[in-house]
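Report on one structure; see the data block that follows.
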Amino acid sequence: MTSIPAATPIRGVVVDFHHTLVHGGDAARWVRDAWRDLGRDGDPRAVLGPDTFGAAVSFLDRIWEHARDVDPDSHRDLDARRHRDVYDRTVVGAPGVDAELADAMYGLTHLQWATYTDTLPVLQALRDNGTRIVVLSNVGYDLRPVLRRTGIDGLVDGLVMSYEVGVVKPDRGIFQRALDLLGLPAAEVLMVGDAWSDDAAAAALGVRTLILPRTDTDSHGLELVLRLVVVSPPGRPSG
């Protein structure tokens with residue numbers, strides 16, 4: 001019988017943030033929270049009409065995907081000013097969302113993000129296994145408050161944000177920053193992300209790469225990471 005040589009063990013994981021560890025929340029709630037904070041009367045669905053409200057929610061649910069039409073090279077993720085500018089130019093496509101409402105919504109963006117149900121258990125299992133973890137994100141402002149609020153911060157070893165390091169995915173330089181932070185060679189690291197166009201570029205450095213496309217369910221399928229790292233899923237015995 002032919003034996004199959006074992007792969008180099010994975011000792012570190014680099015993981016994308018948005019639509020990998022967290023989802024954008026409920027876009028309808030995002031509008032309602034901003035509407036309430038502005039002190040506007042009534043429910044926005046009733047005021048705007050169900051058709052307009054529904055179209056706005058559908059657009060806002062994928063606003064950062066729409067932002068690629070305005071900013072295909074992700075320059076918004078190099079500083080806060082550019083990030084806000086791209087948001088302003090993108091959100092005009094949301095029916096019924098006026099400038100005042102758009103401004104209030106932008107201020108609440110980070111409060112809408114929520115972890116997938118499998119995020120914290122998988123991160124905890126990796127940590128218990130001794131696997132080092134770095135969060136890597138194309139983002140135009142500080143994610144640290146979000147990591148603290150969601151409980152992610154206590155389960156990871158580091159954070160690489162594009163606006164701090166001056167380079168965005170898919171440039172291999174940002175992945176090298178993550179490797180440097182992990183202190184591990186590329187062959188011992190797994191990259192986990194949701195977008196092949198950005199995250200798969202880690203493979204150019206020799207990093208094994210797992211792409212889990214965006215899901216619209218509570219769980220993101222992160223248990224696959226544990227299988228690749230050879231960690232028993234939470235609640236299951238090893239062996």
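Starting from 1 in every chain, residues are counted up; chains themselves are A, B, ... following the order of the structure tokens, and ligands are numbered from 1 as listed.
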Kindly provide the residues of segment 168-225 of chain A that approach segment 23-44 of chain A to within 10 Å, each paired with its closest atom pair and their distance in Å to one decimal, based on only C-alpha atoms, listed by chain and increasing number, as a Markdown table.
| residue | atom | partner | partner_atom | distance |
| --- | --- | --- | --- | --- |
| A:Arg214 | CA | A:His23 | CA | 8.6 |
| A:Thr215 | CA | A:His23 | CA | 8.7 |
| A:Asp216 | CA | A:His23 | CA | 8.4 |
| A:Thr217 | CA | A:His23 | CA | 9.4 |
| A:Asp218 | CA | A:His23 | CA | 8.6 |
| A:Ser219 | CA | A:His23 | CA | 9.8 |
| A:His220 | CA | A:His23 | CA | 9.3 |
What would the file look like if the residues just selected were written as a short mmCIF file (atom, residue, chain, number, x, y, z; two decimals), in the first residue's frame with C-alpha atoms?
data_model
loop_
_atom_site.label_atom_id
_atom_site.label_comp_id
_atom_site.auth_asym_id
_atom_site.auth_seq_id
_atom_site.Cartn_x
_atom_site.Cartn_y
_atom_site.Cartn_z
CA ARG A 214 -20.17 34.79 2.22
CA THR A 215 -23.14 33.01 3.73
CA ASP A 216 -26.46 34.48 4.78
CA THR A 217 -26.86 32.04 7.65
CA ASP A 218 -25.86 32.35 11.31
CA SER A 219 -22.99 29.88 10.90
CA HIS A 220 -20.11 30.32 8.45
#
Show me, as a Markdown table, the residues of segment 81-131 of chain A having an atom within 8 Å of segment 222-229 of chain A, each with the closest atom pair and its distance in Å, using only C-alpha atoms.
| residue | atom | partner | partner_atom | distance |
| --- | --- | --- | --- | --- |
| A:Asp118 | CA | A:Leu222 | CA | 6.3 |
| A:Thr119 | CA | A:Leu222 | CA | 6.9 |
| A:Val122 | CA | A:Glu223 | CA | 6.5 |
| A:Ala125 | CA | A:Leu226 | CA | 7.8 |
| A:Leu126 | CA | A:Leu226 | CA | 7.2 |
Written selection (N, CA, C and O atoms) as a short mmCIF file (atom, residue, chain, number, x, y, z; two decimals), in the first residue's frame:
data_model
loop_
_atom_site.label_atom_id
_atom_site.label_comp_id
_atom_site.auth_asym_id
_atom_site.auth_seq_id
_atom_site.Cartn_x
_atom_site.Cartn_y
_atom_site.Cartn_z
N ASP A 118 -20.39 30.20 14.96
CA ASP A 118 -19.24 29.31 15.09
C ASP A 118 -17.91 30.05 15.27
O ASP A 118 -16.87 29.42 15.48
N THR A 119 -17.93 31.38 15.24
CA THR A 119 -16.68 32.14 15.32
C THR A 119 -15.94 31.94 16.64
O THR A 119 -14.78 31.51 16.67
N VAL A 122 -14.76 28.25 17.46
CA VAL A 122 -13.63 27.81 16.63
C VAL A 122 -12.34 28.52 17.06
O VAL A 122 -11.29 27.89 17.18
N ALA A 125 -11.18 26.90 20.22
CA ALA A 125 -10.58 25.58 19.98
C ALA A 125 -9.17 25.71 19.43
O ALA A 125 -8.26 24.97 19.82
N LEU A 126 -8.97 26.66 18.53
CA LEU A 126 -7.63 26.89 17.99
C LEU A 126 -6.68 27.36 19.08
O LEU A 126 -5.53 26.90 19.18
#
Mind the document's chain letters and residue numbers, and return as a PyMOL selection string the residues of segment 17-143 of chain A that DSSP labels strand (DSSP E or B).
chain A and resi 18+22-23+114-115+132-137
With N, CA, C and O atoms retained, write the just-selected residues as a JSON list (two decimals), in the first residue's frame.
[["chain", "number", "residue", "atom", "x", "y", "z"],
["A", 18, "HIS", "N", -14.30, 40.68, 8.03],
["A", 18, "HIS", "CA", -15.67, 40.90, 7.58],
["A", 18, "HIS", "C", -16.14, 39.78, 6.67],
["A", 18, "HIS", "O", -15.48, 39.43, 5.71],
["A", 22, "VAL", "N", -17.20, 37.88, 11.21],
["A", 22, "VAL", "CA", -18.43, 38.62, 11.54],
["A", 22, "VAL", "C", -19.23, 38.86, 10.27],
["A", 22, "VAL", "O", -18.70, 38.88, 9.17],
["A", 23, "HIS", "N", -20.52, 39.03, 10.46],
["A", 23, "HIS", "CA", -21.38, 39.44, 9.35],
["A", 23, "HIS", "C", -21.87, 40.86, 9.61],
["A", 23, "HIS", "O", -21.70, 41.39, 10.71],
["A", 114, "ALA", "N", -21.74, 41.50, 13.86],
["A", 114, "ALA", "CA", -21.94, 40.46, 14.87],
["A", 114, "ALA", "C", -21.21, 39.20, 14.44],
["A", 114, "ALA", "O", -21.09, 38.91, 13.24],
["A", 115, "THR", "N", -20.72, 38.45, 15.41],
["A", 115, "THR", "CA", -20.00, 37.22, 15.09],
["A", 115, "THR", "C", -20.96, 36.14, 14.59],
["A", 115, "THR", "O", -22.11, 36.08, 15.00],
["A", 132, "ARG", "N", -1.50, 29.76, 16.80],
["A", 132, "ARG", "CA", -1.45, 31.22, 16.83],
["A", 132, "ARG", "C", -2.42, 31.78, 15.78],
["A", 132, "ARG", "O", -2.59, 31.20, 14.71],
["A", 133, "ILE", "N", -3.06, 32.91, 16.11],
["A", 133, "ILE", "CA", -4.10, 33.47, 15.25],
["A", 133, "ILE", "C", -3.88, 34.97, 15.07],
["A", 133, "ILE", "O", -3.68, 35.69, 16.05],
["A", 134, "VAL", "N", -3.93, 35.42, 13.82],
["A", 134, "VAL", "CA", -3.87, 36.84, 13.50],
["A", 134, "VAL", "C", -5.07, 37.19, 12.63],
["A", 134, "VAL", "O", -5.37, 36.48, 11.66],
["A", 135, "VAL", "N", -5.77, 38.25, 12.99],
["A", 135, "VAL", "CA", -6.86, 38.77, 12.17],
["A", 135, "VAL", "C", -6.26, 39.75, 11.16],
["A", 135, "VAL", "O", -5.45, 40.62, 11.53],
["A", 136, "LEU", "N", -6.64, 39.60, 9.90],
["A", 136, "LEU", "CA", -6.12, 40.44, 8.82],
["A", 136, "LEU", "C", -7.31, 41.04, 8.08],
["A", 136, "LEU", "O", -8.19, 40.32, 7.60],
["A", 137, "SER", "N", -7.33, 42.37, 7.96],
["A", 137, "SER", "CA", -8.50, 43.00, 7.36],
["A", 137, "SER", "C", -8.14, 44.20, 6.49],
["A", 137, "SER", "O", -7.31, 45.03, 6.87]]
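Contact shell of Leu120 of chain A at 8 Å (only C-alpha atoms; same-chain neighbours under 3 positions omitted): A:Thr115, A:Tyr116, A:Thr117, A:Leu123, A:Gln124, A:Gly151, A:Ile152, A:Leu155.
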DSSP on the backbone: which residues in segment 8-119 of chain A end up as helix (DSSP H, G or I)? Give the answer as number ranges by chain.
A: 27-37, 44-48, 50-60, 63-70, 75-78, 80-91, 99-112, 119
Give me the segment 17-105 of chain A side of the contact with segment 171-191 of chain A, cut-off 12 Å, one line per residue showing its nearest atom pair and distance in Å at one decimal, counting only C-alpha atoms, sorted by chain and residue number, as a Markdown table.
| residue | atom | partner | partner_atom | distance |
| --- | --- | --- | --- | --- |
| A:Phe17 | CA | A:Met191 | CA | 11.6 |
| A:Thr20 | CA | A:Met191 | CA | 11.1 |
| A:Asp73 | CA | A:Asp171 | CA | 10.5 |
| A:Ser74 | CA | A:Asp171 | CA | 11.0 |
| A:Leu78 | CA | A:Ile174 | CA | 11.9 |
For the selection just defined, write its residues with N, CA and C atoms to a file, as a PDB file, in the first residue's frame.
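For reference, part.pdb as written:
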ATOM      1  N   PHE A  17     -11.627  39.304   8.520  1.00  0.00           N
ATOM      2  CA  PHE A  17     -12.606  39.760   9.511  1.00  0.00           C
ATOM      3  C   PHE A  17     -14.034  39.769   8.971  1.00  0.00           C
ATOM      4  N   THR A  20     -16.127  36.777   7.382  1.00  0.00           N
ATOM      5  CA  THR A  20     -15.433  35.544   7.742  1.00  0.00           C
ATOM      6  C   THR A  20     -15.639  35.271   9.222  1.00  0.00           C
ATOM      7  N   ASP A  73     -10.090  49.282  -6.321  1.00  0.00           N
ATOM      8  CA  ASP A  73      -8.776  48.934  -5.774  1.00  0.00           C
ATOM      9  C   ASP A  73      -8.702  49.057  -4.258  1.00  0.00           C
ATOM     10  N   SER A  74      -9.866  49.213  -3.610  1.00  0.00           N
ATOM     11  CA  SER A  74      -9.955  49.260  -2.138  1.00  0.00           C
ATOM     12  C   SER A  74      -9.113  50.364  -1.509  1.00  0.00           C
ATOM     13  N   LEU A  78      -7.378  52.475   3.105  1.00  0.00           N
ATOM     14  CA  LEU A  78      -6.061  53.005   3.455  1.00  0.00           C
ATOM     15  C   LEU A  78      -6.140  54.159   4.440  1.00  0.00           C
TER      16      LEU A  78
END
Applying 8 Å and only C-alpha atoms, which residues near Asp194 of chain A remain after dropping the ones on its own chain fewer than 4 positions away? List them as a count of residues only.
8
Atom CA of Ser197 of chain A and atom CA of Lys169 of chain A, how far apart in Å?
8.6 Å
Could you produce a table of the residues of segment 69-103 of chain A lying within 12 Å of segment 45-49 of chain A, with the nearest pair of atoms per residue and their separation in Å rounded to one decimal, using only C-alpha atoms, ordered by chain and increasing residue number, as a tab-separated table?
residue	atom	partner	partner_atom	distance
A:Pro95	CA	A:Leu48	CA	9.1
A:Gly96	CA	A:Leu48	CA	6.5
A:Val97	CA	A:Leu48	CA	9.2
A:Asp98	CA	A:Leu48	CA	11.0
For the selection just defined, write its residues with all heavy atoms to a file, as an mmCIF file, in the first residue's frame.
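Just written: again.cif:
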data_model
loop_
_atom_site.group_PDB
_atom_site.id
_atom_site.type_symbol
_atom_site.label_atom_id
_atom_site.label_comp_id
_atom_site.auth_asym_id
_atom_site.auth_seq_id
_atom_site.Cartn_x
_atom_site.Cartn_y
_atom_site.Cartn_z
ATOM 1 N N PRO A 95 -32.164 53.470 -2.218
ATOM 2 C CA PRO A 95 -33.408 54.238 -2.322
ATOM 3 C C PRO A 95 -33.900 54.722 -0.960
ATOM 4 O O PRO A 95 -33.878 53.981 0.028
ATOM 5 C CB PRO A 95 -34.397 53.228 -2.925
ATOM 6 C CG PRO A 95 -33.537 52.230 -3.629
ATOM 7 C CD PRO A 95 -32.291 52.119 -2.793
ATOM 8 N N GLY A 96 -34.316 55.982 -0.901
ATOM 9 C CA GLY A 96 -34.923 56.512 0.311
ATOM 10 C C GLY A 96 -33.957 56.935 1.400
ATOM 11 O O GLY A 96 -34.378 57.475 2.422
ATOM 12 N N VAL A 97 -32.664 56.704 1.206
ATOM 13 C CA VAL A 97 -31.683 57.060 2.235
ATOM 14 C C VAL A 97 -31.129 58.452 1.921
ATOM 15 O O VAL A 97 -30.320 58.619 1.012
ATOM 16 C CB VAL A 97 -30.542 56.026 2.308
ATOM 17 C CG1 VAL A 97 -29.491 56.463 3.329
ATOM 18 C CG2 VAL A 97 -31.098 54.656 2.670
ATOM 19 N N ASP A 98 -31.592 59.460 2.670
ATOM 20 C CA ASP A 98 -31.125 60.827 2.455
ATOM 21 C C ASP A 98 -29.787 61.033 3.164
ATOM 22 O O ASP A 98 -29.302 60.172 3.900
ATOM 23 C CB ASP A 98 -32.167 61.825 2.966
ATOM 24 C CG ASP A 98 -32.484 61.624 4.435
ATOM 25 O OD1 ASP A 98 -31.673 62.043 5.282
ATOM 26 O OD2 ASP A 98 -33.526 60.999 4.745
#
In Å, rounded to a single decimal, give me how far atom CA of Val192 of chain A is from atom CA of Arg62 of chain A.
20.6 Å
